Amino acid sequence: MTQRLMEAWVETPLEQMNVAVIGTGHVGLITCVSMAAIGHSVRGMDIDEAKIAKLNLGISPFHEPGVEDLLRKSIEQGRLSFTSDPGEALGDADAIFICVGTPARANGEANLIAVEQAARDVARYTKSGTIVIEKSTVPAGTARRVEWVLKHERVDLAAELLVVSNPEFLREGSAMRDALYPDRILVGAESSQAFTRMRRLYGPILERGAELIETDIATAELAKHACNAFLAMKISYINGIARLCELADADVVDVARVMGSDPRIGPHFLSAGLGYGGFCFPKDLIAFERLSVQLGYDFPLLSAVARINDDAIDNTVRKIRDALWNLEDKRVALLGLAFKPDTDDVRFSPALTLASRLLDEGAVVVGYDPQAATDAKAELPDLLIEHDPYDAVRDAHCIVLCTEWAEFQSLDLDRVRELVAYPVVVDGRNAFEPDRVTSAGLHYYPTGRPDMPAHALESVHA
Ligand code: NAD
């Protein structure tokens, strides 16, 4: 994959622009690297000085396949640099991406203070004619607020600044590929001049086949929330079906196969398990619900989606309790701590929600993750960490697979069986091949499928 990502993008003709990116997190850094890869001259800006120092050394502050290679290459070629000084970043920019975080406030609304601060920086430092691109996920109506800030802070330039919405659809774990080979690029704008500039900015990526969807600004903003809420709904739907399957002795994996083979439904996001997490779905779903209330529309489907997602964790705790009886002092080994494979992001990770529920019930919880252990420990200090999966499962009364990292497929389950105290495996992602688990003498408790007793060693865990 990296080789394909490293292709000489700059060979595709491009009207080079000076691009500035405000916020160099998971979206901002990928934006910096992909814009530099296609030939623009890019400056990333962040208020986090430690992050900026790392980035200037070519070190990515998070794990994302392929990003560090491209980061270093672009720095070496002189097309990418980072600064914490907004004046330096924004002064000569032709295009400015706003990629700051939009976390949830206590009431679920999106907290847009960082977007407002970014807009103030733009107003203070930008030159005439710059295009200001809102890439952060924001409620419909936010671009109008950004325009308002620009207009009032820079009366002299207001008429010449173009604000557009350009929501990001990358997925952590495949973010570099998603940015350079996206399914679609969505641009919301209010003038043909703005659309033309955005087509130039993304020229090489569009030439390689990405679909461009152009809408008005509010539609683009709302479409991003609509997509995330729909994907979360698909996950909650199959998790609701999983609960029904458990009660009816049916198999959710087969139900999902039947559903997914219908092209009107499609096979993606129909994997039952511990539910969705991460920095996007939970907060975006609630922010979307809050927006709908503010706009005067009661959209109860959205809160039901969140409730079913919480229930997926409750159900897994129940399953562990059923298998182990009392949880006090039982050792539970969690395989996978990141919110999904191929990332070290633990923000709103279902694995950590589960860990904290088990800790509350008196269990000793030990976690293993190929990339996310350090961040998981920082988030949940009572969680014990092992740096090898076999050390994590040693003396465990129960193993719970929380994140479906590929490496768990090659675990030596006979060895696992020898190490554990009780032969109990709860599969929170239906990632193990059931026969492989039970043949190793382990009892298997998948999600939404019938429990399967171990083939051998029944007497160990009667
Ligand atoms: P992040 O927390 O990884 O990064 C945000 C960055 O913004 C941080 O480095 C922070 O220091 C910086 N920042 C905050 N205020 C700033 C300011 N005033 N000036 C400069 N920098 C500032 O967040 P993220 O995951 O990159 O998400 C950013 C936005 O993109 C959010 O709205 C998110 O919902 C959206 N989004 C995220 C993903 C994803 O997979 N992470 C995908 C699509 C969209």
# chains A, B, ... in the order shown; residues from 1 in each chain; ligands from 1
call {"tool": "residues_around", "arguments": {"residues": "segment 411-421 of chain A", "least_positions_apart": "3", "cutoff": "12 Å", "atoms": "only C-alpha atoms", "output": "number ranges by chain"}}
result
A: 324, 330-333, 335, 388-399, 401, 405-408, 424-425, 431-444, 454, 456-457, 460-461
call {"tool": "write_last_selection", "arguments": {"atoms": "N, CA and C atoms", "output": "compact mmCIF listing (two decimals), in the first residue's frame"}}
result
# COMPACT_ATOMS: atom_id res chain seq x y z
N LEU A 324 -18.41 -16.16 34.55
CA LEU A 324 -17.46 -16.20 35.68
C LEU A 324 -18.13 -16.20 37.05
N LYS A 330 -11.56 -11.49 39.88
CA LYS A 330 -11.33 -12.31 38.68
C LYS A 330 -10.44 -11.52 37.73
N ARG A 331 -9.55 -12.22 37.08
CA ARG A 331 -8.62 -11.55 36.16
C ARG A 331 -9.18 -11.64 34.75
N VAL A 332 -9.45 -10.47 34.16
CA VAL A 332 -10.01 -10.44 32.80
C VAL A 332 -8.97 -9.84 31.87
N ALA A 333 -8.64 -10.57 30.82
CA ALA A 333 -7.64 -10.09 29.85
C ALA A 333 -8.35 -9.52 28.63
N LEU A 335 -8.03 -8.24 24.90
CA LEU A 335 -7.17 -8.22 23.70
C LEU A 335 -7.66 -7.09 22.80
N ASP A 388 2.76 -8.25 25.67
CA ASP A 388 2.74 -9.48 24.87
C ASP A 388 1.39 -10.14 25.14
N PRO A 389 0.71 -10.61 24.11
CA PRO A 389 -0.65 -11.15 24.34
C PRO A 389 -0.64 -12.38 25.26
N TYR A 390 0.46 -13.17 25.19
CA TYR A 390 0.49 -14.37 26.03
C TYR A 390 0.68 -13.99 27.50
N ASP A 391 1.43 -12.92 27.76
CA ASP A 391 1.54 -12.45 29.15
C ASP A 391 0.20 -11.91 29.64
N ALA A 392 -0.54 -11.30 28.73
CA ALA A 392 -1.85 -10.73 29.14
C ALA A 392 -2.82 -11.84 29.55
N VAL A 393 -2.80 -12.95 28.84
CA VAL A 393 -3.80 -14.00 29.13
C VAL A 393 -3.35 -14.94 30.25
N ARG A 394 -2.10 -14.82 30.67
CA ARG A 394 -1.60 -15.71 31.74
C ARG A 394 -2.47 -15.55 32.99
N ASP A 395 -2.95 -16.66 33.51
CA ASP A 395 -3.78 -16.71 34.73
C ASP A 395 -5.12 -15.98 34.61
N ALA A 396 -5.52 -15.65 33.39
CA ALA A 396 -6.81 -14.95 33.23
C ALA A 396 -7.97 -15.92 33.45
N HIS A 397 -9.04 -15.40 34.05
CA HIS A 397 -10.26 -16.18 34.19
C HIS A 397 -11.15 -16.02 32.96
N CYS A 398 -10.86 -14.98 32.23
CA CYS A 398 -11.66 -14.73 31.02
C CYS A 398 -10.83 -13.87 30.07
N ILE A 399 -10.90 -14.22 28.79
CA ILE A 399 -10.27 -13.38 27.75
C ILE A 399 -11.41 -12.72 26.98
N LEU A 401 -11.96 -10.52 23.53
CA LEU A 401 -11.41 -9.87 22.34
C LEU A 401 -12.22 -8.59 22.08
N TRP A 405 -7.61 -6.71 15.86
CA TRP A 405 -6.30 -6.61 15.21
C TRP A 405 -6.02 -7.93 14.49
N ALA A 406 -5.41 -7.84 13.30
CA ALA A 406 -5.13 -9.04 12.50
C ALA A 406 -4.27 -10.03 13.29
N GLU A 407 -3.35 -9.52 14.11
CA GLU A 407 -2.40 -10.44 14.78
C GLU A 407 -3.11 -11.42 15.72
N PHE A 408 -4.32 -11.12 16.15
CA PHE A 408 -5.01 -12.06 17.05
C PHE A 408 -5.44 -13.33 16.32
N VAL A 424 -12.11 -19.48 29.20
CA VAL A 424 -13.29 -18.72 28.77
C VAL A 424 -12.86 -17.61 27.81
N VAL A 425 -13.43 -17.63 26.61
CA VAL A 425 -13.15 -16.58 25.63
C VAL A 425 -14.46 -15.90 25.23
N ALA A 431 -14.43 -12.24 15.98
CA ALA A 431 -13.25 -12.28 15.11
C ALA A 431 -12.60 -13.66 15.07
N PHE A 432 -12.77 -14.45 16.12
CA PHE A 432 -12.16 -15.78 16.12
C PHE A 432 -13.00 -16.77 15.32
N GLU A 433 -12.31 -17.73 14.73
CA GLU A 433 -12.99 -18.86 14.11
C GLU A 433 -13.44 -19.78 15.25
N PRO A 434 -14.76 -19.97 15.45
CA PRO A 434 -15.24 -20.69 16.63
C PRO A 434 -14.59 -22.06 16.82
N ASP A 435 -14.43 -22.77 15.72
CA ASP A 435 -13.89 -24.13 15.82
C ASP A 435 -12.47 -24.15 16.36
N ARG A 436 -11.72 -23.13 15.96
CA ARG A 436 -10.32 -23.04 16.41
C ARG A 436 -10.29 -22.83 17.93
N VAL A 437 -11.22 -22.05 18.44
CA VAL A 437 -11.25 -21.76 19.87
C VAL A 437 -11.66 -23.00 20.65
N THR A 438 -12.76 -23.62 20.22
CA THR A 438 -13.27 -24.76 20.99
C THR A 438 -12.35 -25.98 20.86
N SER A 439 -11.69 -26.13 19.70
CA SER A 439 -10.77 -27.26 19.54
C SER A 439 -9.57 -27.13 20.48
N ALA A 440 -9.25 -25.89 20.87
CA ALA A 440 -8.12 -25.69 21.78
C ALA A 440 -8.53 -25.93 23.24
N GLY A 441 -9.80 -26.30 23.43
CA GLY A 441 -10.24 -26.55 24.81
C GLY A 441 -10.73 -25.31 25.52
N LEU A 442 -11.13 -24.31 24.73
CA LEU A 442 -11.63 -23.06 25.32
C LEU A 442 -13.13 -22.93 25.06
N HIS A 443 -13.86 -22.49 26.07
CA HIS A 443 -15.29 -22.21 25.87
C HIS A 443 -15.42 -20.88 25.14
N TYR A 444 -16.33 -20.85 24.19
CA TYR A 444 -16.40 -19.68 23.31
C TYR A 444 -17.75 -18.97 23.45
N ALA A 454 -16.15 -25.89 24.95
CA ALA A 454 -14.87 -26.42 24.49
C ALA A 454 -15.03 -27.88 24.05
N ALA A 456 -12.75 -30.13 24.35
CA ALA A 456 -12.09 -31.02 25.31
C ALA A 456 -11.99 -30.29 26.64
N LEU A 457 -11.45 -30.96 27.63
CA LEU A 457 -11.17 -30.36 28.93
C LEU A 457 -12.42 -29.78 29.59
N VAL A 460 -12.48 -28.83 33.38
CA VAL A 460 -11.78 -27.69 33.97
C VAL A 460 -12.76 -26.58 34.34
N HIS A 461 -13.80 -26.44 33.49
CA HIS A 461 -14.74 -25.34 33.74
C HIS A 461 -16.15 -25.90 33.60
call {"tool": "select_by_dssp", "arguments": {"residues": "segment 261-348 of chain A", "states": "alpha helix (DSSP H)", "output": "tab-separated table (two decimals) with C-alpha atoms, in the first residue's frame"}}
result
chain	number	residue	atom	x	y	z
A	281	PHE	CA	-19.40	8.50	15.79
A	282	PRO	CA	-20.32	8.99	19.48
A	283	LYS	CA	-19.95	12.77	19.51
A	284	ASP	CA	-21.25	13.33	15.97
A	285	LEU	CA	-24.38	11.31	16.62
A	286	ILE	CA	-25.22	13.28	19.76
A	287	ALA	CA	-24.29	16.61	18.17
A	288	PHE	CA	-26.59	15.75	15.24
A	289	GLU	CA	-29.38	14.93	17.65
A	290	ARG	CA	-28.83	18.23	19.49
A	291	LEU	CA	-28.87	20.08	16.17
A	292	SER	CA	-32.14	18.47	15.16
A	293	VAL	CA	-33.70	19.50	18.48
A	294	GLN	CA	-32.41	23.05	18.06
A	295	LEU	CA	-33.86	23.18	14.56
A	300	PRO	CA	-35.73	9.88	18.23
A	301	LEU	CA	-33.93	7.36	16.01
A	302	LEU	CA	-30.64	9.07	16.86
A	303	SER	CA	-30.93	8.66	20.63
A	304	ALA	CA	-32.06	5.05	20.16
A	305	VAL	CA	-28.86	4.38	18.19
A	306	ALA	CA	-26.75	5.69	21.10
A	307	ARG	CA	-28.77	3.70	23.65
A	308	ILE	CA	-28.32	0.43	21.71
A	309	ASN	CA	-24.59	1.16	21.50
A	310	ASP	CA	-24.40	1.49	25.30
A	311	ASP	CA	-26.38	-1.75	25.60
A	312	ALA	CA	-23.71	-3.60	23.61
A	313	ILE	CA	-21.27	-2.98	26.50
A	314	ASP	CA	-23.90	-3.88	29.14
A	315	ASN	CA	-24.55	-7.13	27.32
A	316	THR	CA	-20.87	-8.04	27.20
A	317	VAL	CA	-20.48	-7.35	30.93
A	318	ARG	CA	-23.52	-9.58	31.53
A	319	LYS	CA	-21.96	-12.32	29.40
A	320	ILE	CA	-18.67	-12.17	31.34
A	321	ARG	CA	-20.58	-12.26	34.61
A	322	ASP	CA	-22.62	-15.27	33.43
A	323	ALA	CA	-19.42	-17.09	32.53
A	324	LEU	CA	-17.46	-16.20	35.68
call {"tool": "residues_near_ligand", "arguments": {"ligand": "ligand 1", "cutoff": "9 Å", "atoms": "only C-alpha atoms and all ligand atoms", "output": "number ranges by chain"}}
result
A: 21-30, 44-49, 51-52, 62, 84, 86, 98-103, 110, 112-121, 135-138, 167-173, 175, 224, 278-281, 283-284, 345
call {"tool": "residues_around", "arguments": {"residues": "segment 376-384 of chain A", "least_positions_apart": "6", "cutoff": "10 Å", "atoms": "only C-alpha atoms", "output": "short mmCIF file (atom, residue, chain, number, x, y, z; two decimals) with C-alpha atoms, in the first residue's frame"}}
result
data_model
loop_
_atom_site.label_atom_id
_atom_site.label_comp_id
_atom_site.auth_asym_id
_atom_site.auth_seq_id
_atom_site.Cartn_x
_atom_site.Cartn_y
_atom_site.Cartn_z
CA ALA A 333 -7.64 -10.09 29.85
CA LEU A 334 -8.67 -7.62 27.15
CA LEU A 337 -7.67 -1.48 23.49
CA ALA A 338 -7.81 0.91 20.51
CA ASP A 344 -3.53 3.80 18.56
CA ASP A 345 -6.56 6.03 19.13
CA VAL A 346 -8.35 5.13 22.37
CA ARG A 347 -10.77 8.06 22.43
CA SER A 349 -12.88 3.15 22.82
CA ALA A 351 -12.59 -1.59 25.13
CA LEU A 352 -11.86 1.09 27.72
CA THR A 353 -15.53 1.57 28.57
CA ALA A 355 -12.49 -2.12 31.19
CA SER A 356 -13.79 0.60 33.46
CA LEU A 359 -12.90 -2.49 37.27
CA VAL A 364 -8.56 -7.16 37.83
CA VAL A 365 -8.29 -6.03 34.22
CA VAL A 366 -5.20 -6.50 32.11
CA GLY A 367 -4.95 -5.22 28.56
CA TYR A 368 -2.80 -5.86 25.53
CA ASP A 369 -2.78 -3.80 22.33
CA ALA A 392 -1.85 -10.73 29.14
#
call {"tool": "atom_distance", "arguments": {"atom1": "atom CA of Val258 of chain A", "atom2": "atom CA of Leu274 of chain A"}}
result
21.1 Å
call {"tool": "closest_residue", "arguments": {"among": "A:Ala159, A:Leu57, A:Ala189, A:Met198", "to": "Ile217 of chain A", "atoms": "only C-alpha atoms"}}
result
A:Ala189
call {"tool": "residues_around", "arguments": {"residues": "Val19 of chain A", "least_positions_apart": "6", "cutoff": "8 Å", "atoms": "only C-alpha atoms", "output": "PyMOL selection string"}}
result
chain A and resi 35+40-43+93-97
call {"tool": "select_by_dssp", "arguments": {"residues": "segment 76-268 of chain A", "states": "strand (DSSP E)", "output": "PyMOL selection string"}}
result
chain A and resi 80-83+95-98+131-134+162-165+184-188+211-215
call {"tool": "closest_residue", "arguments": {"among": "A:Glu64, A:Arg145, A:Ala179, A:Asn107", "to": "Ala37 of chain A", "atoms": "only C-alpha atoms"}}
result
A:Ala179
call {"tool": "atom_distance", "arguments": {"atom1": "atom CA of Ile238 of chain A", "atom2": "atom CA of Gly428 of chain A"}}
result
13.3 Å
call {"tool": "atom_distance", "arguments": {"atom1": "atom CA of Asp156 of chain A", "atom2": "atom CA of Ala140 of chain A"}}
result
26.7 Å
